[in-house]
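Enquirer: Just passing along the structure, written as structure tokens.
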Amino acid sequence: MREPGFPRPRVALVSVGIGRVQRGFERYFTELFETLRGEISMTLFRSAGGEGPDEVVPPLLRPATALARRAPLGWLAGRAEYNRDCLAFAATMLPRLVRERYDVIHCIDPPMAYALQHAKRFARLPTRVLFTEGSLMPPDYYPRVDHIHHVARDAHAGALAQGVAPERMTLVPCGLRTERFPALDDAQALRARFGIAPSTFVVLAVAAVKREHKRVDHIVREVERLDGDVLLWLDGNPEDEALVVHARERLGPRLRITHVASAEVADLYRAADVLVHAALEESFGLAIVEAACCGTPVLVHDAPHFEWLLGGRGRLVDMREEGALAARLQSAAGNRQAESAAARAESGAVRRRFDWAALAPSYLEMYQRVSGRPVRSHAVVEEHG
């Protein structure tokens with residue numbers, strides 16, 4: 001991928017969640033590092049875990065984090081533990097940033113973006129701060145960093161409509177190691193391993209088990225309406241214990257709750273008859289794309305973002321309307337083979353759009369542009385829209 005004479009920016013990739021959170025944007029940042037580390041000089045700053053080549057846990061991070069959580073920091077960090085963790089992370093990595101003089105610091109945590117911008121000014125660093133907007137943040141609240149990276153078409157278009165200058169932003173979607181999510185015909189073997197009968201219609205939801213945002217309570221209510229041999233499999237961090245109790249009371253043996261390792265999630269997708277995602281909005285939706293890569297039918301909310309994400313309207317459901325999801329699931333249960341065949345046929349297009357091999361050139365170009373170095377175009381970012 002690298003061309004002779006291609007100027008290579010030096011990039012620090014920073015996420016407070018890497019080493020603490022096993023999925024979502026933390027995994028996306030880790031894969032971005034794995035994909036580009038051979039193309040440009042890149043260092044991954046993480047909170048925990050073993051340090052490999054070019055991977056750094058800032059020295060004294062643990063005691064600094066403990067101190068930040070207890071100290072009377074007032075307006076500087078507020079009361080939120082997350083904000084204080086980001087402040088401690090930025091403070092402990094500052095000596096390395098000063099020493100290495102990276103061209104670009106790329107972060108995804110909003111409080112980290114604020115902290116790094118202040119650290120940059122304090123240390124008079126020429127480094128440019130790049131922030132990936134992955135929290136559905138209104139443009140008025142964007143951190144005042146050098147550049148904003150959008151991973152979704154609608155968020156990027158919305159920011160443009162509200163007056164954010166085009167040259168301050170770049171649209172490039174999240175990437176996937178699609179080889180980790182193969183579309184294999186191994187559902188029956190996986191079901192046998194998981195103790196699920198071939199006749200059972202498996203509805204899978206891979207998300208934090210909570211009402212807010214992910215709306216898992218809506219999924220529980222809709223599955224409760226279904227007739228026949230049905231299993232709702234919830235896989236994710238059980239953040240809302242009351243919802244877990246409620247789901248068990250309503251569904252009994254028709255419910256399974258797990259939180260498997262990231263490497264095992266692809267098996268869940270392929271064992272399921274359908275993945276359901278009930279959120280009304282998402283900053284991206286990695287689980288949706290992963291399941292689609294596996295050839296699993298996916299049902300999502302009828303909104304422009306999800307239509308863009310899946311490349312069509314065939315799997316959109318009004319998740320605000322009570323009974324709409326249940327009706328669509330009941331139809332899918334009666335047409336399992338046709339639904340599976342259609343999803344497998346669609347998987348190739350999803351894989352081509354979101355594989356790192358397709359997206360890496362656009363990330364490299366973004367780093368070149370943000371660093372201030374001359375840009376040699378490798379890809380047209382608008383293609384991802």
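As shown in the structure tokens, the chain order sets the letters A, B, ...; within each chain, residues go from 1, and ligands are also counted from 1 in the order they appear.
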Just the residues within 9 Å of Arg215 of chain A, please, counting only C-alpha atoms, with nothing from its chain fewer than 2 positions along; format it as a list in words.
Expert: Val209, Lys210, Arg211, Glu212, His213, Asp217, His218, Ile219, His277, Ala278, Ala279 and Leu280 of chain A
Enquirer: Atom CA of His301 of chain A and atom CA of Gly252 of chain A, how far apart in Å?
Expert: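 It comes out at 26.4 Å.
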Enquirer: Report as a PyMOL selection string: the residues of segment 198-367 of chain A with a DSSP assignment of alpha helix (DSSP H), based on the backbone of this structure.
Expert: chain A and resi 216-224+241-251+265-271+286-293+304-310+324-333+336-354+356-367
Enquirer: In segment 157-333 of chain A, what's strand (DSSP E or B) per DSSP? Answer as a VMD selection string?
Expert: chain A and resid 169 to 171 176 201 to 206 230 to 235 255 to 258 274 to 276 298 to 301 316 to 317
Enquirer: Deliver the residues from the most recent selection as a file, using N, CA and C atoms, as a short mmCIF file (atom, residue, chain, number, x, y, z; two decimals), in the first residue's frame.
Expert:
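What ended up in selection30.cif:
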data_model
loop_
_atom_site.label_atom_id
_atom_site.label_comp_id
_atom_site.auth_asym_id
_atom_site.auth_seq_id
_atom_site.Cartn_x
_atom_site.Cartn_y
_atom_site.Cartn_z
N MET A 169 -13.73 18.42 8.63
CA MET A 169 -14.28 17.09 8.88
C MET A 169 -13.93 16.12 7.76
N THR A 170 -13.93 14.84 8.12
CA THR A 170 -13.74 13.77 7.15
C THR A 170 -14.71 12.65 7.47
N LEU A 171 -15.31 12.07 6.44
CA LEU A 171 -16.19 10.92 6.60
C LEU A 171 -15.49 9.66 6.10
N LEU A 176 -13.86 -3.30 9.59
CA LEU A 176 -13.96 -4.61 10.23
C LEU A 176 -12.90 -5.54 9.67
N PHE A 201 -36.45 -21.02 16.91
CA PHE A 201 -36.19 -19.77 16.20
C PHE A 201 -35.43 -18.86 17.15
N VAL A 202 -34.17 -18.56 16.80
CA VAL A 202 -33.27 -17.82 17.69
C VAL A 202 -33.21 -16.35 17.29
N VAL A 203 -33.64 -15.50 18.21
CA VAL A 203 -33.56 -14.05 18.04
C VAL A 203 -32.39 -13.57 18.89
N LEU A 204 -31.39 -12.99 18.25
CA LEU A 204 -30.17 -12.56 18.95
C LEU A 204 -30.12 -11.04 19.03
N ALA A 205 -29.71 -10.53 20.19
CA ALA A 205 -29.41 -9.10 20.35
C ALA A 205 -28.03 -9.00 20.98
N VAL A 206 -27.11 -8.35 20.29
CA VAL A 206 -25.75 -8.16 20.80
C VAL A 206 -25.60 -6.68 21.13
N VAL A 230 -39.35 -20.35 20.47
CA VAL A 230 -38.53 -19.15 20.26
C VAL A 230 -37.56 -18.98 21.42
N LEU A 231 -36.35 -18.55 21.10
CA LEU A 231 -35.35 -18.21 22.12
C LEU A 231 -34.82 -16.81 21.85
N LEU A 232 -34.90 -15.95 22.86
CA LEU A 232 -34.24 -14.65 22.79
C LEU A 232 -32.89 -14.78 23.48
N TRP A 233 -31.83 -14.54 22.72
CA TRP A 233 -30.47 -14.62 23.24
C TRP A 233 -29.92 -13.20 23.33
N LEU A 234 -29.74 -12.70 24.54
CA LEU A 234 -29.15 -11.39 24.78
C LEU A 234 -27.69 -11.57 25.13
N ASP A 235 -26.81 -10.98 24.33
CA ASP A 235 -25.38 -11.07 24.63
C ASP A 235 -24.81 -9.66 24.77
N LEU A 255 -35.36 -17.42 27.28
CA LEU A 255 -34.36 -16.36 27.37
C LEU A 255 -33.00 -16.95 27.72
N ARG A 256 -31.96 -16.43 27.07
CA ARG A 256 -30.58 -16.75 27.44
C ARG A 256 -29.79 -15.45 27.45
N ILE A 257 -29.00 -15.23 28.51
CA ILE A 257 -28.19 -14.02 28.64
C ILE A 257 -26.74 -14.42 28.83
N THR A 258 -25.86 -13.88 27.97
CA THR A 258 -24.43 -14.16 28.07
C THR A 258 -23.66 -12.87 27.82
N VAL A 274 -31.89 -14.52 13.39
CA VAL A 274 -31.99 -13.10 13.11
C VAL A 274 -31.31 -12.32 14.23
N LEU A 275 -30.66 -11.22 13.87
CA LEU A 275 -30.14 -10.27 14.85
C LEU A 275 -31.10 -9.08 14.88
N VAL A 276 -31.49 -8.67 16.09
CA VAL A 276 -32.38 -7.52 16.25
C VAL A 276 -31.63 -6.41 16.97
N VAL A 298 -30.71 -9.27 9.58
CA VAL A 298 -30.63 -8.21 10.59
C VAL A 298 -31.88 -7.34 10.49
N LEU A 299 -32.51 -7.05 11.63
CA LEU A 299 -33.65 -6.14 11.68
C LEU A 299 -33.27 -4.92 12.50
N VAL A 300 -33.44 -3.74 11.90
CA VAL A 300 -33.04 -2.49 12.54
C VAL A 300 -34.16 -1.47 12.36
N HIS A 301 -34.01 -0.33 13.03
CA HIS A 301 -35.04 0.71 12.97
C HIS A 301 -35.08 1.37 11.59
N LEU A 316 -35.67 -2.95 7.44
CA LEU A 316 -36.02 -1.86 8.34
C LEU A 316 -37.40 -2.10 8.95
N VAL A 317 -37.52 -1.80 10.24
CA VAL A 317 -38.77 -1.96 10.99
C VAL A 317 -38.96 -0.71 11.85
#
Enquirer: Mind giving me the straight-line distance from atom CA of Leu160 of chain A to atom CA of Leu125 of chain A in Å, one decimal?
Expert: 28.9 Å
Enquirer: Within 12 Å of Pro166 of chain A, counting only C-alpha atoms, which residues qualify if same-chain residues fewer than 2 places away don't, as a list in words?
Expert: His147, Ile148, His149, His150, His156, Ala157, Gly158, Ala159, Leu160, Ala161, Gln162, Gly163, Val164, Arg168, Met169, Thr170 and Leu171 of chain A
Enquirer: Which residues are near segment 92-109 of chain A? Cut-off 7 Å, only C-alpha atoms, ignore same chain within fewer than 2 positions. Put them as a list of chain:residue names.
Expert: A:Pro9, A:Arg10, A:Val11, A:Ala12, A:Leu13, A:Val14, A:Ser15, A:Pro58, A:Pro59, A:Leu60, A:Leu61, A:Ala88, A:Phe89, A:Ala90, A:Pro111, A:Met112, A:Ala113, A:Leu125, A:Thr127, A:Arg128, A:Val129, A:Leu130, A:Phe131, A:Thr132, A:Glu133, A:Gly134, A:Ser371
Enquirer: Counting only C-alpha atoms, which residue out of A:Leu87, A:Leu286, A:Ala358, A:Ala272 sits closest to Glu339 of chain A?
Expert: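 That would be A:Ala272, the residue with the smallest distance to Glu339 of chain A.
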Enquirer: Considering only C-alpha atoms, return as a list in words whatever protein or nucleic-acid residues lie within 10 Å of Arg225 of chain A, sequence-local ones (same chain, fewer than 3 positions apart) excluded.
Expert: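 Once the adjacent positions are removed, what remains is Val220, Arg221, Glu222, Gly323, Leu325, Ala326, Ala327, Leu329 and Gln330 of chain A.
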